[in-house]
Protein chains: 2
Amino acid sequence: MLNNSHYIDKLRSSGLRPTKQRIKICEILFDNEKTFHFTINDLVKKISKTTNDKISLATVYNTVHAFKKKGYLKEIPINSDQSYFDTNTSHHHHFYDENQKDLIDIDDADVEPVKINTRIPGKKIKSVEVLVKVEDAE
Amino acid sequence: MLNNSHYIDKLRSSGLRPTKQRIKICEILFDNEKTFHFTINDLVKKISKTTNDKISLATVYNTVHAFKKKGYLKEIPINSDQSYFDTNTSHHHHFYDENQKDLIDIDDADVEPVKINTRIPGKKIKSVEVLVKVEDAE
DNA sequence: ATTCTACATTATAATAGTTCTAAACTATTG
DNA sequence: CAATAGTTTAGAACTATTATAATGTAGAAT
Ligand SMILES: [Mn+2]
Ligand SMILES: [Mn+2]
Ligand SMILES: [Zn+2]
Ligand SMILES: [Zn+2]
């Protein structure tokens, strides 16, 4: 509610009108020390915890998709019933904890460059992402 | 219909009764030179093309899940509305063609061992999978 | 071979995440 | 301020998947 001008500028310069719903979602997603992963359902819960003004589910979906399109969020391909989103938009990798069903970032610097000795003719590489599935060591 | 004994044995030794539905699905999935990727919907279409006996959708789901549980299929984590399955159960990686929305195998031998210089205490690595997103080079 | 039983199939309903609709609302422009 | 294009909203619709519960069947027991 206080230092919103940053988000207002960011939204406006992206061609998105700075509505109070979008600003609120910006605050929840981007006013954090650390980046994090979330589902739409997680976000809906956070919204209802931090404000009395309800934001409709359709708006939450619309906003997340708009932010993804603008490159402020990434969608993470984890085999699951729900989509996972990531506020870390830098190129990085993931651990997936199969017990906790939790995503954990792996910094790009912590993965040695992945060498792939095969190509597809007529196609260029857009990204190379590593998913490390982990489980309890017991 | 001809050389089913192989599948009958395979199913029986897995503790799965060799029903005609399961044998049919084995034929469609495993009587191929090459492995392939498919959705439930793809499989349903193949079934209706190759037989007059209908197999209910619930049975297709049940069978695919049973086969996955037994390790005869892998589920591939691609961000999509539907689950993708893979008849290639060896450890391997994938290209994902974002234009064709198509998965292409990368043999494990074609990827240099991926070195990850970070760990999660109390967790052990279950798998390391590389997803290479590609697009038209133009 | 007949009977028995646990397992499997089926049609259908239910569920859940997501998208669509169309009416009401609002930020921005003129 | 008035006009307009973009946005929000409640709720319906959609779609992949799972659950239900009745019927069918493979394999075992008799
Ligand atoms: Mn699923
Ligand atoms: Mn999706
Ligand atoms: Zn991440
Ligand atoms: Zn594959």
# chains A, B, ... in the order shown; residues from 1 in each chain; ligands from 1
$ interface_residues --of "chain A" --to "chain D" --cutoff "12 Å" --atoms "only C-alpha atoms (C1' of nucleotides)" --output "PyMOL selection string"
chain A and resi 15-22+54-63+80-82
$ write_last_selection --atoms "N, CA and C atoms" --output "compact mmCIF listing (two decimals), in the first residue's frame"
# COMPACT_ATOMS: atom_id res chain seq x y z
N GLY A 15 2.26 -2.06 -20.45
CA GLY A 15 0.98 -1.99 -21.15
C GLY A 15 -0.16 -2.61 -20.36
N LEU A 16 0.06 -2.78 -19.06
CA LEU A 16 -1.00 -3.31 -18.19
C LEU A 16 -1.48 -2.19 -17.26
N ARG A 17 -2.76 -1.99 -17.21
CA ARG A 17 -3.26 -0.93 -16.33
C ARG A 17 -3.02 -1.31 -14.87
N PRO A 18 -2.52 -0.37 -14.11
CA PRO A 18 -2.25 -0.66 -12.71
C PRO A 18 -3.51 -0.64 -11.86
N THR A 19 -4.24 -1.71 -11.91
CA THR A 19 -5.45 -1.82 -11.08
C THR A 19 -5.05 -2.23 -9.68
N LYS A 20 -5.96 -2.05 -8.73
CA LYS A 20 -5.58 -2.39 -7.36
C LYS A 20 -5.37 -3.90 -7.18
N GLN A 21 -6.09 -4.69 -7.98
CA GLN A 21 -5.88 -6.13 -7.93
C GLN A 21 -4.48 -6.52 -8.39
N ARG A 22 -4.05 -5.92 -9.49
CA ARG A 22 -2.72 -6.25 -10.00
C ARG A 22 -1.61 -5.76 -9.08
N LYS A 54 -11.59 -8.87 -1.67
CA LYS A 54 -11.45 -10.13 -2.40
C LYS A 54 -11.03 -9.86 -3.84
N ILE A 55 -10.24 -10.77 -4.37
CA ILE A 55 -9.91 -10.74 -5.79
C ILE A 55 -10.50 -12.02 -6.37
N SER A 56 -11.27 -11.86 -7.43
CA SER A 56 -11.93 -13.05 -7.96
C SER A 56 -10.92 -14.03 -8.55
N LEU A 57 -11.32 -15.29 -8.55
CA LEU A 57 -10.44 -16.34 -9.07
C LEU A 57 -10.06 -16.06 -10.52
N ALA A 58 -11.02 -15.59 -11.29
CA ALA A 58 -10.74 -15.31 -12.70
C ALA A 58 -9.65 -14.26 -12.84
N THR A 59 -9.68 -13.26 -11.97
CA THR A 59 -8.66 -12.22 -12.02
C THR A 59 -7.29 -12.77 -11.62
N VAL A 60 -7.28 -13.67 -10.65
CA VAL A 60 -6.00 -14.27 -10.27
C VAL A 60 -5.40 -15.01 -11.47
N TYR A 61 -6.20 -15.81 -12.13
CA TYR A 61 -5.73 -16.50 -13.34
C TYR A 61 -5.29 -15.50 -14.40
N ASN A 62 -6.14 -14.51 -14.67
CA ASN A 62 -5.81 -13.53 -15.69
C ASN A 62 -4.48 -12.84 -15.39
N THR A 63 -4.31 -12.46 -14.14
CA THR A 63 -3.12 -11.71 -13.76
C THR A 63 -1.86 -12.57 -13.86
N SER A 80 1.97 -32.73 -12.48
CA SER A 80 1.10 -32.54 -11.33
C SER A 80 -0.27 -32.14 -11.83
N ASP A 81 -1.19 -32.11 -10.91
CA ASP A 81 -2.55 -31.73 -11.28
C ASP A 81 -2.64 -30.22 -11.52
N GLN A 82 -1.76 -29.47 -10.88
CA GLN A 82 -1.85 -28.03 -10.99
C GLN A 82 -0.58 -27.46 -11.60
$ residues_near_ligand --ligand "ligand 4" --cutoff "12 Å" --atoms "only C-alpha atoms (C1' of nucleotides) and all ligand atoms" --output "PyMOL selection string"
chain B and resi 34-38+73-78+84-96+102-108+129-131
$ residues_around --residues "B:Asp31" --least-positions-apart "3" --cutoff "12 Å" --atoms "only C-alpha atoms (C1' of nucleotides)" --output "list in words"
Met1, Leu2, Asn3, Asn4, His6, Tyr7, Ile23, Lys24, Ile25, Cys26, Glu27, Ile28, Lys34, Thr35, Phe36 and Thr87 of chain B
$ interface_residues --of "chain A" --to "chain B" --cutoff "6 Å" --atoms "only C-alpha atoms" --output "list in words"
Pro77, Ile78, Asn79, Asp110, Val111, Glu112, Lys115, Ile116, Asn117, Gly122, Lys123, Lys124, Ile125, Lys126, Ser127, Val128, Glu129, Val130, Leu131, Val132, Lys133, Val134, Glu135, Asp136 and Ala137 of chain A
$ select_by_dssp --residues "chain B" --states "strand (DSSP E)" --output "VMD selection string"
chain B and resid 37 to 38 74 to 76 84 to 86 93 to 97 102 to 106 123 to 136
$ write_last_selection --atoms "C-alpha atoms" --output "PDB file, in the first residue's frame"
ATOM      1  CA  HIS B  37       5.154 -40.796 -26.346  1.00  0.00           C
ATOM      2  CA  PHE B  38       1.399 -40.601 -25.983  1.00  0.00           C
ATOM      3  CA  LYS B  74       7.010 -43.609 -17.628  1.00  0.00           C
ATOM      4  CA  GLU B  75       5.068 -40.408 -17.109  1.00  0.00           C
ATOM      5  CA  ILE B  76       6.793 -37.354 -18.562  1.00  0.00           C
ATOM      6  CA  TYR B  84       2.267 -37.634 -21.396  1.00  0.00           C
ATOM      7  CA  PHE B  85       3.422 -41.222 -21.174  1.00  0.00           C
ATOM      8  CA  ASP B  86       6.520 -42.829 -22.618  1.00  0.00           C
ATOM      9  CA  HIS B  93      16.129 -37.096 -21.788  1.00  0.00           C
ATOM     10  CA  HIS B  94      13.894 -35.061 -24.056  1.00  0.00           C
ATOM     11  CA  PHE B  95      13.682 -32.356 -26.599  1.00  0.00           C
ATOM     12  CA  TYR B  96      10.367 -30.584 -26.469  1.00  0.00           C
ATOM     13  CA  ASP B  97       9.435 -28.967 -29.732  1.00  0.00           C
ATOM     14  CA  ASP B 102       6.117 -32.870 -29.616  1.00  0.00           C
ATOM     15  CA  LEU B 103       8.515 -34.836 -27.425  1.00  0.00           C
ATOM     16  CA  ILE B 104      11.674 -36.330 -28.915  1.00  0.00           C
ATOM     17  CA  ASP B 105      13.984 -38.678 -27.029  1.00  0.00           C
ATOM     18  CA  ILE B 106      17.580 -37.854 -26.270  1.00  0.00           C
ATOM     19  CA  LYS B 123      17.571 -36.286   0.529  1.00  0.00           C
ATOM     20  CA  LYS B 124      18.947 -38.624  -2.077  1.00  0.00           C
ATOM     21  CA  ILE B 125      18.842 -38.148  -5.808  1.00  0.00           C
ATOM     22  CA  LYS B 126      16.332 -40.332  -7.567  1.00  0.00           C
ATOM     23  CA  SER B 127      16.803 -39.106 -11.119  1.00  0.00           C
ATOM     24  CA  VAL B 128      18.327 -36.309 -13.161  1.00  0.00           C
ATOM     25  CA  GLU B 129      16.374 -35.391 -16.245  1.00  0.00           C
ATOM     26  CA  VAL B 130      17.176 -32.828 -18.884  1.00  0.00           C
ATOM     27  CA  LEU B 131      14.503 -31.081 -20.883  1.00  0.00           C
ATOM     28  CA  VAL B 132      15.678 -29.159 -23.929  1.00  0.00           C
ATOM     29  CA  LYS B 133      13.084 -26.849 -25.325  1.00  0.00           C
ATOM     30  CA  VAL B 134      13.527 -26.170 -29.023  1.00  0.00           C
ATOM     31  CA  GLU B 135      11.786 -24.055 -31.601  1.00  0.00           C
ATOM     32  CA  ASP B 136      11.940 -23.464 -35.346  1.00  0.00           C
TER      33      ASP B 136
END
$ interface_residues --of "chain C" --to "chain B" --cutoff "9 Å" --atoms "only C-alpha atoms (C1' of nucleotides)" --output "list in words"
DC7, DA8, DT9, DT10 and DA11 of chain C
$ write_last_selection --atoms "N, CA and C atoms (P, O5', C5', C4', C3', O3' and C1' of nucleotides)" --output "PDB file, in the first residue's frame"
ATOM      1  P    DC C   7      -7.588 -59.623  -4.927  1.00  0.00           P
ATOM      2  O5'  DC C   7      -7.655 -59.290  -6.485  1.00  0.00           O
ATOM      3  C5'  DC C   7      -7.299 -60.286  -7.424  1.00  0.00           C
ATOM      4  C4'  DC C   7      -7.866 -59.921  -8.762  1.00  0.00           C
ATOM      5  C3'  DC C   7      -7.585 -58.480  -9.196  1.00  0.00           C
ATOM      6  O3'  DC C   7      -7.007 -58.557 -10.489  1.00  0.00           O
ATOM      7  C1'  DC C   7      -9.868 -59.007  -9.496  1.00  0.00           C
ATOM      8  P    DA C   8      -6.586 -57.267 -11.305  1.00  0.00           P
ATOM      9  O5'  DA C   8      -7.838 -57.033 -12.261  1.00  0.00           O
ATOM     10  C5'  DA C   8      -8.218 -58.042 -13.164  1.00  0.00           C
ATOM     11  C4'  DA C   8      -9.296 -57.530 -14.103  1.00  0.00           C
ATOM     12  C3'  DA C   8      -9.067 -56.125 -14.650  1.00  0.00           C
ATOM     13  O3'  DA C   8      -9.234 -56.215 -16.059  1.00  0.00           O
ATOM     14  C1'  DA C   8     -11.223 -56.282 -13.653  1.00  0.00           C
ATOM     15  P    DT C   9      -9.209 -54.967 -16.991  1.00  0.00           P
ATOM     16  O5'  DT C   9     -10.767 -54.701 -17.168  1.00  0.00           O
ATOM     17  C5'  DT C   9     -11.558 -55.657 -17.852  1.00  0.00           C
ATOM     18  C4'  DT C   9     -12.969 -55.139 -18.009  1.00  0.00           C
ATOM     19  C3'  DT C   9     -13.062 -53.790 -18.725  1.00  0.00           C
ATOM     20  O3'  DT C   9     -13.945 -53.963 -19.836  1.00  0.00           O
ATOM     21  C1'  DT C   9     -14.292 -53.766 -16.678  1.00  0.00           C
ATOM     22  P    DT C  10     -14.147 -52.769 -20.872  1.00  0.00           P
ATOM     23  O5'  DT C  10     -15.430 -52.058 -20.261  1.00  0.00           O
ATOM     24  C5'  DT C  10     -16.650 -52.803 -20.110  1.00  0.00           C
ATOM     25  C4'  DT C  10     -17.670 -51.971 -19.385  1.00  0.00           C
ATOM     26  C3'  DT C  10     -17.752 -50.535 -19.890  1.00  0.00           C
ATOM     27  O3'  DT C  10     -18.921 -50.430 -20.694  1.00  0.00           O
ATOM     28  C1'  DT C  10     -17.827 -50.663 -17.487  1.00  0.00           C
ATOM     29  P    DA C  11     -19.176 -49.152 -21.609  1.00  0.00           P
ATOM     30  O5'  DA C  11     -20.209 -48.379 -20.670  1.00  0.00           O
ATOM     31  C5'  DA C  11     -21.397 -49.042 -20.257  1.00  0.00           C
ATOM     32  C4'  DA C  11     -22.129 -48.170 -19.257  1.00  0.00           C
ATOM     33  C3'  DA C  11     -22.380 -46.743 -19.737  1.00  0.00           C
ATOM     34  O3'  DA C  11     -23.712 -46.382 -19.344  1.00  0.00           O
ATOM     35  C1'  DA C  11     -21.109 -46.701 -17.732  1.00  0.00           C
TER      36       DA C  11
END
$ select_by_dssp --residues "chain A" --states "helix (DSSP H, G or I)" --output "ChimeraX atom specification"
/A:5-13,20-30,40-50,57-69,108-110
